[in-house]
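**Q** Dropping in data.cif, which is mmCIF, C-alpha atoms:
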data_entry
loop_
_atom_site.label_atom_id
_atom_site.label_comp_id
_atom_site.auth_asym_id
_atom_site.auth_seq_id
_atom_site.Cartn_x
_atom_site.Cartn_y
_atom_site.Cartn_z
CA MET A 44 -12.29 5.41 18.72
CA THR A 45 -10.72 3.69 15.70
CA THR A 46 -7.03 3.18 16.36
CA ARG A 47 -5.74 1.39 13.29
CA ARG A 48 -6.03 1.76 9.55
CA ARG A 49 -7.33 -1.77 8.96
CA PHE A 50 -10.92 -0.87 9.76
CA LEU A 51 -10.61 2.28 7.70
CA THR A 52 -9.57 0.46 4.55
CA ILE A 53 -12.62 -1.80 4.36
CA LEU A 54 -13.84 0.65 1.76
CA ALA A 55 -11.33 1.13 -1.02
CA SER A 56 -12.70 4.61 -1.64
CA ALA A 57 -11.85 5.94 1.82
CA THR A 58 -10.50 9.48 1.72
CA ILE A 59 -9.18 11.92 4.26
CA LEU A 60 -11.22 14.97 5.14
CA PRO A 61 -9.38 18.25 4.68
CA ALA A 62 -7.75 19.54 7.86
CA VAL A 63 -9.78 22.41 9.33
CA GLY A 64 -9.16 25.08 11.92
CA ILE A 65 -5.44 25.47 11.20
CA PRO A 66 -4.50 28.89 12.60
CA ALA A 67 -2.32 31.27 10.65
CA GLY A 68 1.32 30.49 11.19
CA ALA A 69 0.73 26.87 12.23
CA GLN A 70 3.46 24.40 11.31
CA THR A 71 1.07 22.18 9.41
CA ARG A 72 1.74 21.06 5.86
CA GLN A 73 -0.29 18.92 3.50
CA TRP A 74 0.69 17.01 0.37
CA ARG A 75 -1.65 15.36 -2.12
CA GLY A 76 -0.55 13.20 -5.01
CA ILE A 77 -0.50 9.67 -6.38
CA ALA A 78 1.17 6.60 -4.87
CA LEU A 79 0.95 3.14 -6.45
CA GLY A 80 -1.72 4.47 -8.77
CA ALA A 81 -4.01 5.64 -5.94
CA ASN A 82 -4.79 9.05 -4.50
CA ALA A 83 -2.42 9.77 -1.63
CA GLN A 84 -2.14 12.39 1.09
CA ILE A 85 0.20 13.32 3.93
CA VAL A 86 -0.65 15.88 6.62
CA LEU A 87 1.87 16.64 9.35
CA ASP A 88 2.53 19.22 12.01
CA HIS A 89 6.21 19.92 12.71
CA PRO A 90 8.62 22.90 12.63
CA GLN A 91 10.54 21.21 9.79
CA ALA A 92 7.44 20.03 7.96
CA ASP A 93 8.64 20.98 4.48
CA MET A 94 11.93 19.12 4.82
CA LEU A 95 10.19 16.08 6.32
CA LEU A 96 7.62 16.01 3.54
CA ASP A 97 10.50 15.86 1.06
CA LYS A 98 11.91 12.88 2.97
CA ALA A 99 8.52 11.19 2.97
CA LEU A 100 8.04 11.67 -0.77
CA GLN A 101 11.52 10.32 -1.45
CA GLU A 102 10.61 7.24 0.58
CA ILE A 103 7.37 6.77 -1.36
CA THR A 104 9.27 7.05 -4.64
CA ARG A 105 11.89 4.58 -3.44
CA LEU A 106 9.30 2.01 -2.39
CA GLU A 107 7.31 2.49 -5.60
CA GLY A 108 10.55 1.51 -7.34
CA LEU A 109 10.13 -1.87 -5.65
CA PHE A 110 6.39 -2.58 -5.72
CA SER A 111 4.77 -0.60 -8.54
CA LEU A 112 2.90 -2.31 -11.39
CA HIS A 113 2.78 0.98 -13.33
CA ARG A 114 6.49 1.78 -13.73
CA ASP A 115 9.84 0.04 -13.88
CA SER A 116 10.26 -1.67 -10.51
CA GLN A 117 11.60 -4.82 -8.94
CA LEU A 118 8.08 -6.23 -9.18
CA THR A 119 7.67 -5.54 -12.90
CA ARG A 120 11.09 -7.04 -13.56
CA LEU A 121 10.14 -10.15 -11.60
CA ASN A 122 6.89 -10.45 -13.54
CA ALA A 123 8.64 -9.99 -16.87
CA ASN A 124 11.55 -12.35 -16.25
CA GLY A 125 10.20 -14.86 -13.75
CA THR A 126 13.18 -14.20 -11.48
CA LEU A 127 14.55 -11.28 -9.48
CA PRO A 128 18.17 -11.46 -8.30
CA ASP A 129 19.27 -9.58 -5.20
CA PRO A 130 15.81 -8.45 -4.02
CA ALA A 131 15.69 -5.42 -1.76
CA PRO A 132 15.20 -6.09 1.95
CA GLU A 133 11.76 -4.49 1.74
CA MET A 134 10.80 -6.86 -1.07
CA LEU A 135 11.69 -9.84 1.10
CA GLU A 136 9.85 -8.26 4.03
CA ILE A 137 6.63 -7.71 2.09
CA LEU A 138 6.76 -11.19 0.54
CA SER A 139 7.17 -12.64 4.03
CA LEU A 140 4.14 -10.65 5.19
CA ALA A 141 2.16 -11.82 2.17
CA SER A 142 3.12 -15.42 2.92
CA ALA A 143 1.87 -15.06 6.49
CA VAL A 144 -1.45 -13.59 5.35
CA ASN A 145 -1.78 -16.26 2.65
CA ALA A 146 -1.37 -18.95 5.30
CA ARG A 147 -3.71 -17.26 7.79
CA THR A 148 -6.45 -16.95 5.14
CA ASN A 149 -6.00 -20.50 3.80
CA GLY A 150 -4.95 -19.08 0.44
CA ALA A 151 -7.75 -16.53 0.08
CA PHE A 152 -5.15 -13.75 -0.02
CA ASP A 153 -2.97 -14.60 -2.98
CA PRO A 154 -0.89 -11.94 -4.77
CA SER A 155 -0.23 -14.39 -7.61
CA ILE A 156 -3.74 -13.52 -8.82
CA GLN A 157 -2.31 -10.97 -11.30
CA PRO A 158 -2.55 -13.22 -14.42
CA LEU A 159 -6.16 -14.07 -13.54
CA TRP A 160 -6.96 -10.38 -13.10
CA ALA A 161 -5.39 -9.70 -16.50
CA LEU A 162 -7.45 -12.50 -18.07
CA TYR A 163 -10.70 -11.03 -16.77
CA ALA A 164 -9.70 -7.48 -17.75
CA GLU A 165 -8.84 -8.50 -21.30
CA SER A 166 -11.95 -10.65 -21.67
CA TYR A 167 -14.31 -7.96 -20.39
CA ALA A 168 -12.62 -5.34 -22.57
CA ALA A 169 -13.44 -7.57 -25.56
CA GLY A 170 -17.03 -7.99 -24.39
CA ASN A 171 -16.51 -11.59 -23.27
CA THR A 172 -16.31 -13.61 -20.09
CA PRO A 173 -13.39 -15.97 -19.43
CA THR A 174 -14.20 -19.61 -19.98
CA GLU A 175 -13.71 -22.23 -17.28
CA ALA A 176 -10.88 -23.70 -19.34
CA GLU A 177 -9.11 -20.32 -19.58
CA ILE A 178 -9.48 -19.75 -15.85
CA ALA A 179 -8.15 -23.22 -15.03
CA ALA A 180 -5.17 -22.74 -17.36
CA THR A 181 -4.16 -19.38 -15.86
CA PRO A 182 -0.85 -19.82 -13.97
CA ARG A 183 -1.08 -18.83 -10.32
CA GLY A 184 -0.60 -20.18 -6.82
CA TRP A 185 1.46 -18.75 -3.97
CA LYS A 186 3.07 -22.15 -3.40
CA ASN A 187 4.85 -21.65 -6.73
CA LEU A 188 6.79 -18.65 -5.43
CA ARG A 189 10.23 -19.03 -3.87
CA PHE A 190 12.21 -16.21 -2.30
CA THR A 191 15.55 -15.98 -0.55
CA PRO A 192 17.96 -13.08 0.03
CA GLU A 193 19.63 -14.10 -3.22
CA GLN A 194 16.61 -14.44 -5.49
CA VAL A 195 12.85 -14.34 -5.96
CA ALA A 196 11.60 -16.83 -8.53
CA PHE A 197 8.41 -18.29 -9.93
CA GLY A 198 8.11 -22.05 -10.10
CA ARG A 199 5.67 -21.92 -12.98
CA SER A 200 5.91 -20.17 -16.33
CA GLY A 201 3.59 -17.24 -16.92
CA MET A 202 3.11 -16.32 -13.29
CA ALA A 203 2.99 -12.72 -12.05
CA LEU A 204 2.37 -10.95 -8.77
CA THR A 205 0.41 -7.90 -7.71
CA LEU A 206 1.24 -6.48 -4.31
CA ASN A 207 -1.52 -3.86 -4.44
CA GLY A 208 -3.43 -5.66 -1.69
CA ILE A 209 -0.62 -5.12 0.80
CA ALA A 210 1.88 -2.58 -0.56
CA GLN A 211 -0.25 0.49 0.17
CA GLY A 212 -0.38 -0.34 3.85
CA PHE A 213 3.27 -1.35 3.90
CA ILE A 214 4.29 2.00 2.42
CA ALA A 215 2.02 3.93 4.80
CA ASP A 216 3.67 2.17 7.73
CA LYS A 217 7.18 2.81 6.43
CA VAL A 218 6.54 6.50 5.75
CA THR A 219 4.94 6.98 9.16
CA ALA A 220 7.86 5.23 10.86
CA LEU A 221 10.30 7.49 8.98
CA LEU A 222 8.46 10.62 10.09
CA ARG A 223 8.11 9.44 13.68
CA ALA A 224 11.85 8.66 13.78
CA ASN A 225 12.44 12.29 12.76
CA GLY A 226 10.42 13.67 15.67
CA VAL A 227 6.96 13.93 14.11
CA ARG A 228 4.21 13.17 16.60
CA ASP A 229 1.12 14.27 14.67
CA VAL A 230 0.81 12.94 11.14
CA LEU A 231 -1.70 11.36 8.84
CA VAL A 232 -0.48 9.22 5.94
CA ASN A 233 -2.82 7.90 3.25
CA THR A 234 -1.26 5.86 0.44
CA GLY A 235 -4.43 3.93 -0.33
CA ALA A 236 -4.27 2.67 3.27
CA ILE A 237 -4.34 4.98 6.25
CA VAL A 238 -2.13 5.52 9.28
CA ALA A 239 -3.17 8.27 11.70
CA ALA A 240 -0.69 9.13 14.44
CA GLY A 241 -1.22 11.67 17.18
CA THR A 242 -3.97 14.20 16.55
CA ALA A 243 -5.21 16.56 13.85
CA PRO A 244 -4.10 20.23 13.94
CA ASP A 245 -7.17 21.18 16.02
CA GLY A 246 -6.18 18.69 18.74
CA ASN A 247 -8.93 16.19 17.92
CA PRO A 248 -8.50 12.73 16.35
CA TRP A 249 -7.99 12.77 12.61
CA PRO A 250 -11.40 12.81 10.86
CA VAL A 251 -11.56 10.12 8.18
CA GLN A 252 -14.39 10.06 5.68
CA THR A 253 -15.57 6.51 4.94
CA GLY A 254 -18.20 7.20 2.30
CA HIS A 255 -20.69 5.16 4.33
CA ALA A 256 -24.08 6.80 4.89
CA ARG A 257 -24.45 5.54 8.48
CA THR A 258 -20.92 6.45 9.61
CA PRO A 259 -19.65 9.06 7.16
CA THR A 260 -16.74 10.05 9.40
CA VAL A 261 -14.72 8.10 11.93
CA PRO A 262 -12.10 9.49 14.33
CA ALA A 263 -8.67 7.98 13.85
CA SER A 264 -5.65 8.21 16.10
CA ASN A 265 -2.81 5.86 16.99
CA ASN A 266 -0.65 7.43 19.66
#
Would it be possible to restate this file's structure as structure tokens?
**A**
Amino acid sequence: MTTRRRFLTILASATILPAVGIPAGAQTRQWRGIALGANAQIVLDHPQADMLLDKALQEITRLEGLFSLHRDSQLTRLNANGTLPDPAPEMLEILSLASAVNARTNGAFDPSIQPLWALYAESYAAGNTPTEAEIAATPRGWKNLRFTPEQVAFGRSGMALTLNGIAQGFIADKVTALLRANGVRDVLVNTGAIVAAGTAPDGNPWPVQTGHARTPTVPASNN
């Protein structure tokens, strides 16, 4: 049985199968929407499900206000100004996590890739491919980022971050922790990364559709 979302997010297109077999009057609620620009879903079973879903959505909105590239956020302000005073505790937490992953992967995971991504996107949109000189001149490098409780700052002009490689999972963990702290045992949270706690409404592990022909569905549960 798969017990953690990390295997489930190998495929970026992973989606949650609809819950089935929910009897009339069950305390199961489902929300579908968008989080950090990706399809998102929460399914939970609790007597106060509606109130708890509201709490979960407020938490998603709050964290999007830190990490989103698509709206005004602490991240977009950092990218625009090169500095971010008084970063939120969650911003420092996610940057610390990103630093650890950057070190563990010998730099292969590098959220400072955003300017390079933008270069490729703009070049391909114009029907071109970036030149070696353009790639070499693109400012990036995790070592050029400094962060303290007082400030986050780039050490090189023109840098920018994307946290999309880690923020989805971070938000899924935070939302799940919030719901579990409020007495929820059975919940599935998908914010582009998946956390499955407890069981589905039919008592079985949560069925997660991978999109892979050989294993189209995997059971997920983390009790």
**Q** Once the PyMOL selection byres ((chain A and resi 208) around 10) has been applied to the shown file, what residues remain in the selection, as an mmCIF file with C-alpha atoms, in the frame of the given file?
**A**
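Below you can see expr-v3.cif, which holds the result:
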data_model
loop_
_atom_site.group_PDB
_atom_site.id
_atom_site.type_symbol
_atom_site.label_atom_id
_atom_site.label_comp_id
_atom_site.auth_asym_id
_atom_site.auth_seq_id
_atom_site.Cartn_x
_atom_site.Cartn_y
_atom_site.Cartn_z
ATOM 1 C CA ALA A 141 2.160 -11.820 2.170
ATOM 2 C CA PHE A 152 -5.150 -13.750 -0.020
ATOM 3 C CA ASP A 153 -2.970 -14.600 -2.980
ATOM 4 C CA PRO A 154 -0.890 -11.940 -4.770
ATOM 5 C CA THR A 205 0.410 -7.900 -7.710
ATOM 6 C CA LEU A 206 1.240 -6.480 -4.310
ATOM 7 C CA ASN A 207 -1.520 -3.860 -4.440
ATOM 8 C CA ILE A 209 -0.620 -5.120 0.800
ATOM 9 C CA ALA A 210 1.880 -2.580 -0.560
ATOM 10 C CA GLN A 211 -0.250 0.490 0.170
ATOM 11 C CA GLY A 212 -0.380 -0.340 3.850
ATOM 12 C CA PHE A 213 3.270 -1.350 3.900
ATOM 13 C CA GLY A 235 -4.430 3.930 -0.330
ATOM 14 C CA ALA A 236 -4.270 2.670 3.270
#
**Q** Can you list, as a list in words, the residues that the PyMOL selection byres ((chain A and resi 183) around 10) selects here?
**A**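 Selected by the PyMOL selection byres ((chain A and resi 183) around 10) in this file: Asp153, Pro154, Ser155, Ile156, Gln157, Pro158, Leu159, Ala179, Ala180, Thr181, Pro182, Gly184, Trp185, Lys186, Asn187, Leu188, Phe197, Gly198, Arg199, Ser200, Gly201, Met202, Ala203 and Leu204 of chain A.
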**Q** My list of candidates is A:Thr219, A:Asn122, A:Asn171, A:Thr71. Which is closest to Phe110 in chain A when distances are computed with only C-alpha atoms?
**A**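 Checking each of A:Thr219, A:Asn122, A:Asn171, A:Thr71 against Phe110 in chain A, counting only C-alpha atoms, the winner is A:Asn122.
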**Q** What's the 10 Å shell around Asp229 in chain A, counting all atoms listed in the file, without same-chain residues fewer than 4 positions away, as a PyMOL selection string?
**A** chain A and resi 71+86-89+219+222-223+239-244+246+248-249+264-266
**Q** Given the PyMOL selection byres ((chain A and resi 96-106) around 9) and the file above, list the residues it selects as a PyMOL selection string.
**A** chain A and resi 72-74+78-79+85-87+91-95+107-111+116+133+210+214-215+217-219+221-222+234
**Q** In Å to one decimal, how far is CA of Ala146 in chain A from CA of Pro130 in chain A?
**A** 22.2 Å
**Q** Could you tell me how far CA of Leu140 in chain A sits from CA of Ala123 in chain A, in Å to one decimal place?
**A** 22.5 Å
**Q** Which one of A:Ala224, A:Val238, A:Leu118, A:Ala151 sits closest to Ile137 in chain A if you count only C-alpha atoms?
**A**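 Closest candidate: A:Leu118.
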**Q** Suppose you want the space between CA of Glu175 in chain A and CA of Asn149 in chain A; what is it in Å?
**A**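 About the pair CA of Glu175 in chain A and CA of Asn149 in chain A: they are 22.5 Å apart.
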**Q** Axis-aligned box over every listed atom of range 229-243 of chain A, padded by 5 Å per side: centre and edges in Å to one decimal, as AutoDock Vina command-line options?
**A**
--center_x -2.0 --center_y 9.6 --center_z 8.4 --size_x 16.3 --size_y 23.9 --size_z 27.5
**Q** Could you pull the residues within 9 Å of Ser139 in chain A, counting all atoms listed in the file, minus those fewer than 5 positions along the same chain, as a list in words?
**A**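 Near neighbours after the sequence-gap exclusion: Met134, Val144 and Phe190 of chain A.
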